[in-house]
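The data block below is coords33.pdb; it holds PDB, C-alpha atoms.
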ATOM      1  CA  PHE A   1     -32.991  44.422  -4.932
ATOM      2  CA  ASP A   2     -31.461  47.090  -2.716
ATOM      3  CA  LEU A   3     -29.400  48.440  -5.631
ATOM      4  CA  VAL A   4     -32.489  48.562  -7.860
ATOM      5  CA  GLU A   5     -34.405  50.348  -5.130
ATOM      6  CA  GLN A   6     -31.557  52.882  -4.695
ATOM      7  CA  LEU A   7     -31.283  53.556  -8.438
ATOM      8  CA  CYS A   8     -34.982  53.677  -9.339
ATOM      9  CA  GLY A   9     -36.798  54.182  -6.034
ATOM     10  CA  ARG A  10     -39.426  52.041  -4.392
ATOM     11  CA  PHE A  11     -42.067  53.039  -6.958
ATOM     12  CA  SER A  12     -41.104  53.788 -10.548
ATOM     13  CA  HIS A  13     -42.146  53.505 -14.166
ATOM     14  CA  CYS A  14     -40.414  52.378 -17.352
ATOM     15  CA  ASP A  15     -41.043  51.452 -20.960
ATOM     16  CA  PHE A  16     -40.998  47.838 -22.095
ATOM     17  CA  GLY A  17     -37.474  47.086 -23.367
ATOM     18  CA  ASP A  18     -35.619  50.185 -22.132
ATOM     19  CA  ASN A  19     -32.583  50.025 -19.791
ATOM     20  CA  ASN A  20     -34.614  50.622 -16.631
ATOM     21  CA  PHE A  21     -37.011  47.878 -17.693
ATOM     22  CA  LYS A  22     -34.119  45.410 -18.029
ATOM     23  CA  LEU A  23     -32.882  46.371 -14.581
ATOM     24  CA  LEU A  24     -36.292  46.356 -12.885
ATOM     25  CA  VAL A  25     -37.680  43.257 -14.609
ATOM     26  CA  TRP A  26     -34.469  41.238 -14.534
ATOM     27  CA  ASP A  27     -35.721  37.785 -15.537
ATOM     28  CA  PRO A  28     -36.622  37.152 -19.218
ATOM     29  CA  LYS A  29     -39.490  34.915 -18.045
ATOM     30  CA  TYR A  30     -41.041  37.833 -16.156
ATOM     31  CA  ARG A  31     -40.563  40.114 -19.177
ATOM     32  CA  THR A  32     -42.368  37.636 -21.398
ATOM     33  CA  GLN A  33     -45.139  37.225 -18.830
ATOM     34  CA  LEU A  34     -45.647  41.000 -18.677
ATOM     35  CA  LEU A  35     -45.880  41.205 -22.459
ATOM     36  CA  HIS A  36     -48.271  38.240 -22.531
ATOM     37  CA  HIS A  37     -50.620  39.732 -19.923
ATOM     38  CA  ALA A  38     -50.614  43.135 -21.597
ATOM     39  CA  THR A  39     -51.345  41.564 -24.984
ATOM     40  CA  VAL A  40     -54.123  39.132 -24.079
ATOM     41  CA  VAL A  41     -55.917  41.632 -21.816
ATOM     42  CA  ASP A  42     -55.085  44.559 -24.158
ATOM     43  CA  LEU A  43     -53.487  46.792 -21.529
ATOM     44  CA  ASP A  44     -51.095  49.680 -22.109
ATOM     45  CA  TYR A  45     -49.657  49.357 -18.587
ATOM     46  CA  VAL A  46     -48.827  46.449 -16.283
ATOM     47  CA  LEU A  47     -47.710  46.803 -12.664
ATOM     48  CA  PHE A  48     -44.678  44.641 -11.801
ATOM     49  CA  VAL A  49     -44.244  44.139  -8.054
ATOM     50  CA  VAL A  50     -41.327  42.544  -6.209
ATOM     51  CA  ALA A  51     -42.366  41.486  -2.716
ATOM     52  CA  ASN A  52     -42.099  38.857  -0.046
ATOM     53  CA  GLU A  53     -44.855  37.707   2.330
ATOM     54  CA  SER A  54     -44.847  40.939   4.314
ATOM     55  CA  THR A  55     -43.080  43.713   2.361
ATOM     56  CA  ILE A  56     -43.169  45.298  -1.066
ATOM     57  CA  ARG A  57     -39.525  45.724  -2.126
ATOM     58  CA  TYR A  58     -40.399  47.815  -5.167
ATOM     59  CA  ALA A  59     -43.051  48.251  -7.822
ATOM     60  CA  THR A  60     -42.746  49.567 -11.338
ATOM     61  CA  LEU A  61     -45.432  50.538 -13.807
ATOM     62  CA  VAL A  62     -44.396  49.186 -17.203
ATOM     63  CA  TYR A  63     -45.688  50.803 -20.394
ATOM     64  CA  ILE A  64     -46.068  48.315 -23.262
ATOM     65  CA  PRO A  65     -46.753  50.140 -26.555
ATOM     66  CA  GLU A  66     -49.307  48.798 -29.025
ATOM     67  CA  VAL A  67     -46.630  48.056 -31.623
ATOM     68  CA  LYS A  68     -44.942  45.520 -29.275
ATOM     69  CA  ARG A  69     -48.278  43.989 -28.286
ATOM     70  CA  SER A  70     -49.292  43.758 -31.939
ATOM     71  CA  THR A  71     -46.080  41.923 -32.846
ATOM     72  CA  TYR A  72     -46.551  39.502 -29.967
ATOM     73  CA  ARG A  73     -50.220  39.029 -30.920
ATOM     74  CA  GLU A  74     -49.128  38.060 -34.448
ATOM     75  CA  ILE A  75     -46.746  35.489 -32.970
ATOM     76  CA  LEU A  76     -49.562  34.026 -30.839
ATOM     77  CA  VAL A  77     -51.889  33.852 -33.853
ATOM     78  CA  GLY A  78     -49.166  32.068 -35.837
ATOM     79  CA  VAL A  79     -48.671  29.511 -33.050
ATOM     80  CA  PHE A  80     -52.441  29.007 -32.838
ATOM     81  CA  GLN A  81     -52.836  28.532 -36.606
ATOM     82  CA  ARG A  82     -49.879  26.164 -36.867
ATOM     83  CA  SER A  83     -50.227  24.131 -33.679
ATOM     84  CA  LEU A  84     -53.487  24.623 -31.766
ATOM     85  CA  LYS A  85     -56.317  25.331 -34.208
ATOM     86  CA  TRP A  86     -57.281  21.649 -34.419
ATOM     87  CA  ALA A  87     -58.218  21.612 -30.709
ATOM     88  CA  HIS A  88     -60.960  24.218 -31.170
ATOM     89  CA  PHE A  89     -63.309  22.092 -33.262
ATOM     90  CA  PRO A  90     -65.672  19.255 -32.301
ATOM     91  CA  PHE A  91     -63.888  15.909 -32.165
ATOM     92  CA  GLY A  92     -66.781  13.702 -33.237
ATOM     93  CA  ASN A  93     -66.918   9.971 -32.473
ATOM     94  CA  ASP A  94     -63.189   9.321 -32.824
ATOM     95  CA  PRO A  95     -61.326  12.072 -30.952
ATOM     96  CA  LEU A  96     -57.930  10.367 -31.238
ATOM     97  CA  SER A  97     -58.050  10.640 -35.029
ATOM     98  CA  ARG A  98     -58.314  14.464 -34.795
ATOM     99  CA  ILE A  99     -55.078  14.871 -32.840
ATOM    100  CA  PRO A 100     -52.123  15.520 -35.154
ATOM    101  CA  ARG A 101     -48.763  13.828 -34.700
ATOM    102  CA  PHE A 102     -46.463  15.577 -32.248
ATOM    103  CA  ARG A 103     -43.117  14.935 -30.613
ATOM    104  CA  GLU A 104     -44.069  13.471 -27.245
ATOM    105  CA  SER A 105     -40.514  13.899 -25.971
ATOM    106  CA  ALA A 106     -40.659  17.656 -26.648
ATOM    107  CA  VAL A 107     -43.729  18.207 -24.439
ATOM    108  CA  SER A 108     -43.127  15.525 -21.804
ATOM    109  CA  SER A 109     -41.057  15.674 -18.665
ATOM    110  CA  ALA A 110     -39.912  12.942 -16.305
ATOM    111  CA  SER A 111     -42.661  13.829 -13.841
ATOM    112  CA  TYR A 112     -45.412  14.487 -16.422
ATOM    113  CA  PRO A 113     -45.356  12.261 -19.504
ATOM    114  CA  VAL A 114     -47.611  13.355 -22.372
ATOM    115  CA  ASP A 115     -48.800  11.021 -25.110
ATOM    116  CA  LYS A 116     -51.644  11.134 -27.627
ATOM    117  CA  VAL A 117     -54.136   9.395 -25.311
ATOM    118  CA  SER A 118     -53.451  11.635 -22.303
ATOM    119  CA  LEU A 119     -53.588  14.737 -24.516
ATOM    120  CA  CYS A 120     -56.927  13.568 -25.922
ATOM    121  CA  TYR A 121     -58.303  13.000 -22.421
ATOM    122  CA  ASN A 122     -57.188  16.469 -21.261
ATOM    123  CA  ILE A 123     -58.680  18.175 -24.309
ATOM    124  CA  ILE A 124     -62.026  16.417 -23.841
ATOM    125  CA  VAL A 125     -62.107  17.497 -20.170
ATOM    126  CA  TRP A 126     -61.107  21.057 -21.225
ATOM    127  CA  GLN A 127     -63.904  21.196 -23.830
ATOM    128  CA  LYS A 128     -66.476  19.891 -21.324
ATOM    129  CA  LEU A 129     -65.383  22.494 -18.753
ATOM    130  CA  ILE A 130     -65.736  25.288 -21.329
ATOM    131  CA  LEU A 131     -69.279  24.102 -22.106
ATOM    132  CA  MET A 132     -70.061  24.023 -18.368
ATOM    133  CA  VAL A 133     -68.785  27.591 -17.930
ATOM    134  CA  ILE A 134     -70.830  28.788 -20.917
ATOM    135  CA  SER A 135     -73.902  26.965 -19.605
ATOM    136  CA  ALA A 136     -73.461  28.386 -16.089
ATOM    137  CA  GLY A 137     -72.787  31.882 -17.394
ATOM    138  CA  ALA A 138     -70.060  32.302 -14.777
ATOM    139  CA  PRO A 139     -66.797  30.692 -13.664
ATOM    140  CA  LEU A 140     -67.123  27.294 -12.043
ATOM    141  CA  PRO A 141     -66.393  26.902  -8.331
ATOM    142  CA  PRO A 142     -62.916  25.632  -7.416
ATOM    143  CA  ALA A 143     -62.427  21.869  -7.762
ATOM    144  CA  ARG A 144     -60.049  19.586  -5.872
ATOM    145  CA  HIS A 145     -60.411  16.502  -8.071
ATOM    146  CA  ILE A 146     -61.815  15.447 -11.420
ATOM    147  CA  LEU A 147     -63.123  11.931 -10.874
ATOM    148  CA  PRO A 148     -63.982   9.450 -13.618
ATOM    149  CA  SER A 149     -67.740   8.735 -13.579
ATOM    150  CA  VAL A 150     -67.099   5.075 -12.677
ATOM    151  CA  ALA A 151     -65.200   6.135  -9.555
ATOM    152  CA  LYS A 152     -67.879   8.673  -8.690
ATOM    153  CA  LYS A 153     -70.632   6.029  -8.931
ATOM    154  CA  TRP A 154     -68.568   3.588  -6.858
ATOM    155  CA  ASN A 155     -68.053   6.234  -4.157
ATOM    156  CA  HIS A 156     -71.785   6.971  -4.171
ATOM    157  CA  PHE A 157     -72.837   3.309  -3.773
ATOM    158  CA  LYS A 158     -70.254   2.367  -1.142
ATOM    159  CA  GLY A 159     -70.958   5.404   1.015
ATOM    160  CA  ARG A 160     -68.968   8.530   1.749
ATOM    161  CA  THR A 161     -66.170   7.009   3.828
ATOM    162  CA  ASP A 162     -65.003   3.587   4.878
ATOM    163  CA  GLU A 163     -61.976   1.941   6.371
ATOM    164  CA  SER A 164     -60.856   0.247   3.165
ATOM    165  CA  THR A 165     -60.632   3.552   1.267
ATOM    166  CA  ALA A 166     -58.530   5.042   4.051
ATOM    167  CA  ALA A 167     -56.284   1.950   4.018
ATOM    168  CA  LEU A 168     -55.948   2.141   0.227
ATOM    169  CA  ASP A 169     -54.966   5.793   0.443
ATOM    170  CA  ARG A 170     -52.242   4.976   3.000
ATOM    171  CA  MET A 171     -50.647   2.331   0.739
ATOM    172  CA  ILE A 172     -47.629   3.792  -1.022
ATOM    173  CA  PHE A 173     -46.894   2.723  -4.583
ATOM    174  CA  PRO A 174     -43.975   4.210  -6.557
ATOM    175  CA  PHE A 175     -46.242   5.047  -9.516
ATOM    176  CA  GLN A 176     -48.022   8.159  -8.291
ATOM    177  CA  LYS A 177     -47.512   9.957 -11.598
ATOM    178  CA  ALA A 178     -48.745   7.077 -13.735
ATOM    179  CA  LYS A 179     -51.366   7.514 -16.437
ATOM    180  CA  PRO A 180     -55.047   7.272 -15.373
ATOM    181  CA  LYS A 181     -55.492   3.682 -16.620
ATOM    182  CA  MET A 182     -52.422   2.581 -14.680
ATOM    183  CA  GLN A 183     -53.728   4.347 -11.555
ATOM    184  CA  LEU A 184     -57.002   2.407 -11.790
ATOM    185  CA  VAL A 185     -55.140  -0.901 -12.201
ATOM    186  CA  LEU A 186     -52.924  -0.083  -9.212
ATOM    187  CA  ARG A 187     -55.996   0.748  -7.143
ATOM    188  CA  GLU A 188     -57.457  -2.685  -7.950
ATOM    189  CA  ILE A 189     -54.158  -4.348  -6.973
ATOM    190  CA  LYS A 190     -54.253  -2.492  -3.647
ATOM    191  CA  LYS A 191     -57.816  -3.759  -3.068
ATOM    192  CA  PHE A 192     -56.676  -7.327  -3.640
ATOM    193  CA  ALA A 193     -53.858  -6.801  -1.146
ATOM    194  CA  LEU A 194     -56.371  -5.718   1.508
ATOM    195  CA  GLN A 195     -58.565  -8.780   0.954
ATOM    196  CA  VAL A 196     -55.738 -11.255   1.683
TER     197      VAL A 196
END
Could you render the structure from this file as structure tokens?
Amino acid sequence: FDLVEQLCGRFSHCDFGDNNFKLLVWDPKYRTQLLHHATVVDLDYVLFVVANESTIRYATLVYIPEVKRSTYREILVGVFQRSLKWAHFPFGNDPLSRIPRFRESAVSSASYPVDKVSLCYNIIVWQKLILMVISAGAPLPPARHILPSVAKKWNHFKGRTDESTAALDRMIFPFQKAKPKMQLVLREIKKFALQV
């Protein structure tokens, strides 16, 4: 960063794709992110800042011309048409039937497996949240958890806190990244363990 600061100064400007840009915005992921932000918000300029908790190392104002944003926008539209359009329509009574086949291995990771059922669940929650935002006319407040309605009702009837819930939360199972159904089954097993 010191070399960049010496060559370009603490505050500078560049054009998307030129030599200074490649030096100042060194990581291809950051370059793509800049282009994405400029395109979706329709901005000619994006400020790229390199900093730590207390100091700005350098900042550069990046100009992204309309021709580059237009090309990227066309790519996004193509991805939407080919892969995401189906998710923007009502699912009806059988939401699983609306989800096209996809390669689960291509979108899954060891820590976050994705299958058709989990994708369906996430899309339904996403659609409900969009409707809530539209209904509220403003962004929703931050949320810590999304609880299934059964769990919410159980928490309401049993009271806000109790010793068994705290004991259940302290029990460690090696399946913390399991699918929601598995989590509920594990919770029931933990309850049985407490009753013995």
Selection as a list in words: residues within 10 Å of (-51.4, 49.3, -26.3), counting only C-alpha atoms
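Residues close enough to count: Ala38, Thr39, Val41, Asp42, Leu43, Asp44, Tyr45, Tyr63, Ile64, Pro65, Glu66, Val67, Lys68, Arg69 and Ser70 of chain A.
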Those same residues - C-alpha atoms - I'd like them written as a PDB file, in the coordinates of the input.
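Output file again-v3.pdb follows:
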ATOM      1  CA  ALA A  38     -50.614  43.135 -21.597  1.00  0.00           C
ATOM      2  CA  THR A  39     -51.345  41.564 -24.984  1.00  0.00           C
ATOM      3  CA  VAL A  41     -55.917  41.632 -21.816  1.00  0.00           C
ATOM      4  CA  ASP A  42     -55.085  44.559 -24.158  1.00  0.00           C
ATOM      5  CA  LEU A  43     -53.487  46.792 -21.529  1.00  0.00           C
ATOM      6  CA  ASP A  44     -51.095  49.680 -22.109  1.00  0.00           C
ATOM      7  CA  TYR A  45     -49.657  49.357 -18.587  1.00  0.00           C
ATOM      8  CA  TYR A  63     -45.688  50.803 -20.394  1.00  0.00           C
ATOM      9  CA  ILE A  64     -46.068  48.315 -23.262  1.00  0.00           C
ATOM     10  CA  PRO A  65     -46.753  50.140 -26.555  1.00  0.00           C
ATOM     11  CA  GLU A  66     -49.307  48.798 -29.025  1.00  0.00           C
ATOM     12  CA  VAL A  67     -46.630  48.056 -31.623  1.00  0.00           C
ATOM     13  CA  LYS A  68     -44.942  45.520 -29.275  1.00  0.00           C
ATOM     14  CA  ARG A  69     -48.278  43.989 -28.286  1.00  0.00           C
ATOM     15  CA  SER A  70     -49.292  43.758 -31.939  1.00  0.00           C
TER      16      SER A  70
END
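Distances to Thr32 in chain A were evaluated for A:Phe89, A:Tyr58, A:Trp126, A:Phe16 using all atoms listed in the file, and the minimum falls at A:Phe16.
Between CA of Val79 in chain A and CA of Val125 in chain A there is a distance of 22.2 Å.
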Quick one: pull the distance between CA of Leu184 in chain A and CA of Ile146 in chain A, Å, one decimal.
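It comes out at 13.9 Å.
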Between CA of Gln33 in chain A and CA of Arg101 in chain A, what is the distance, to one decimal in Å?
28.5 Å
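Nearest residue to Arg31 in chain A, choosing from A:Ile56, A:Ala143, A:Leu84, A:Val62 and counting all atoms listed in the file: A:Val62.
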Residue among A:Asn19, A:Ile130, A:Ser135, A:Lys179 lying closest to Ser111 in chain A, counting all atoms listed in the file:
A:Lys179
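Closest to Ile124 in chain A among A:Ser108, A:Leu140, A:Arg103, A:Pro95 is A:Pro95, based on only C-alpha atoms.
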What residues have an atom no more than 8 Å from (-39.6, 41.0, -11.9) in the file's own frame, counting all atoms listed in the file, and can you write them as a PyMOL selection string?
chain A and resi 24-27+30-31+48-50
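Take the candidates A:Ser54, A:Asn122, A:Gln127, A:Ala138 and check each one against His88 in chain A using only C-alpha atoms; the shortest distance goes to A:Gln127.
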Pull out every residue that the PyMOL selection byres ((chain A and resi 117) around 12) matches in the shown coordinates and put them as a ChimeraX atom specification.
/A:94-101,104,113-116,118-124,179-181
Restrict the output to range 107-119 of chain A and N, CA and C atoms, then write it as a CSV table (one decimal), in the first residue's frame.
chain,number,residue,atom,x,y,z
A,107,VAL,N,-23.6,-25.2,-6.3
A,107,VAL,CA,-24.0,-24.0,-5.5
A,107,VAL,C,-23.8,-24.3,-4.0
A,108,SER,N,-23.5,-25.6,-3.7
A,108,SER,CA,-23.3,-26.0,-2.3
A,108,SER,C,-21.8,-25.9,-1.9
A,109,SER,N,-21.7,-25.7,-0.6
A,109,SER,CA,-20.3,-25.8,0.0
A,109,SER,C,-20.4,-26.8,1.2
A,110,ALA,N,-19.3,-27.2,1.7
A,110,ALA,CA,-19.2,-28.1,2.8
A,110,ALA,C,-20.0,-27.5,4.0
A,111,SER,N,-19.9,-26.2,4.2
A,111,SER,CA,-20.6,-25.6,5.4
A,111,SER,C,-22.0,-25.2,5.1
A,112,TYR,N,-22.4,-25.1,3.8
A,112,TYR,CA,-23.7,-24.6,3.5
A,112,TYR,C,-24.3,-25.4,2.3
A,113,PRO,N,-24.8,-26.6,2.6
A,113,PRO,CA,-25.4,-27.4,1.5
A,113,PRO,C,-26.7,-26.8,1.0
A,114,VAL,N,-26.9,-26.8,-0.3
A,114,VAL,CA,-28.1,-26.3,-0.9
A,114,VAL,C,-28.8,-27.4,-1.7
A,115,ASP,N,-30.0,-27.7,-1.5
A,115,ASP,CA,-30.8,-28.6,-2.3
A,115,ASP,C,-32.1,-27.9,-2.7
A,116,LYS,N,-33.0,-28.6,-3.4
A,116,LYS,CA,-34.2,-28.0,-3.9
A,116,LYS,C,-35.1,-27.6,-2.8
A,117,VAL,N,-35.2,-28.4,-1.7
A,117,VAL,CA,-36.1,-28.0,-0.6
A,117,VAL,C,-35.6,-26.8,0.1
A,118,SER,N,-34.3,-26.7,0.4
A,118,SER,CA,-33.8,-25.5,1.1
A,118,SER,C,-33.9,-24.3,0.3
A,119,LEU,N,-33.7,-24.4,-1.0
A,119,LEU,CA,-33.8,-23.3,-1.9
A,119,LEU,C,-35.2,-22.8,-2.0
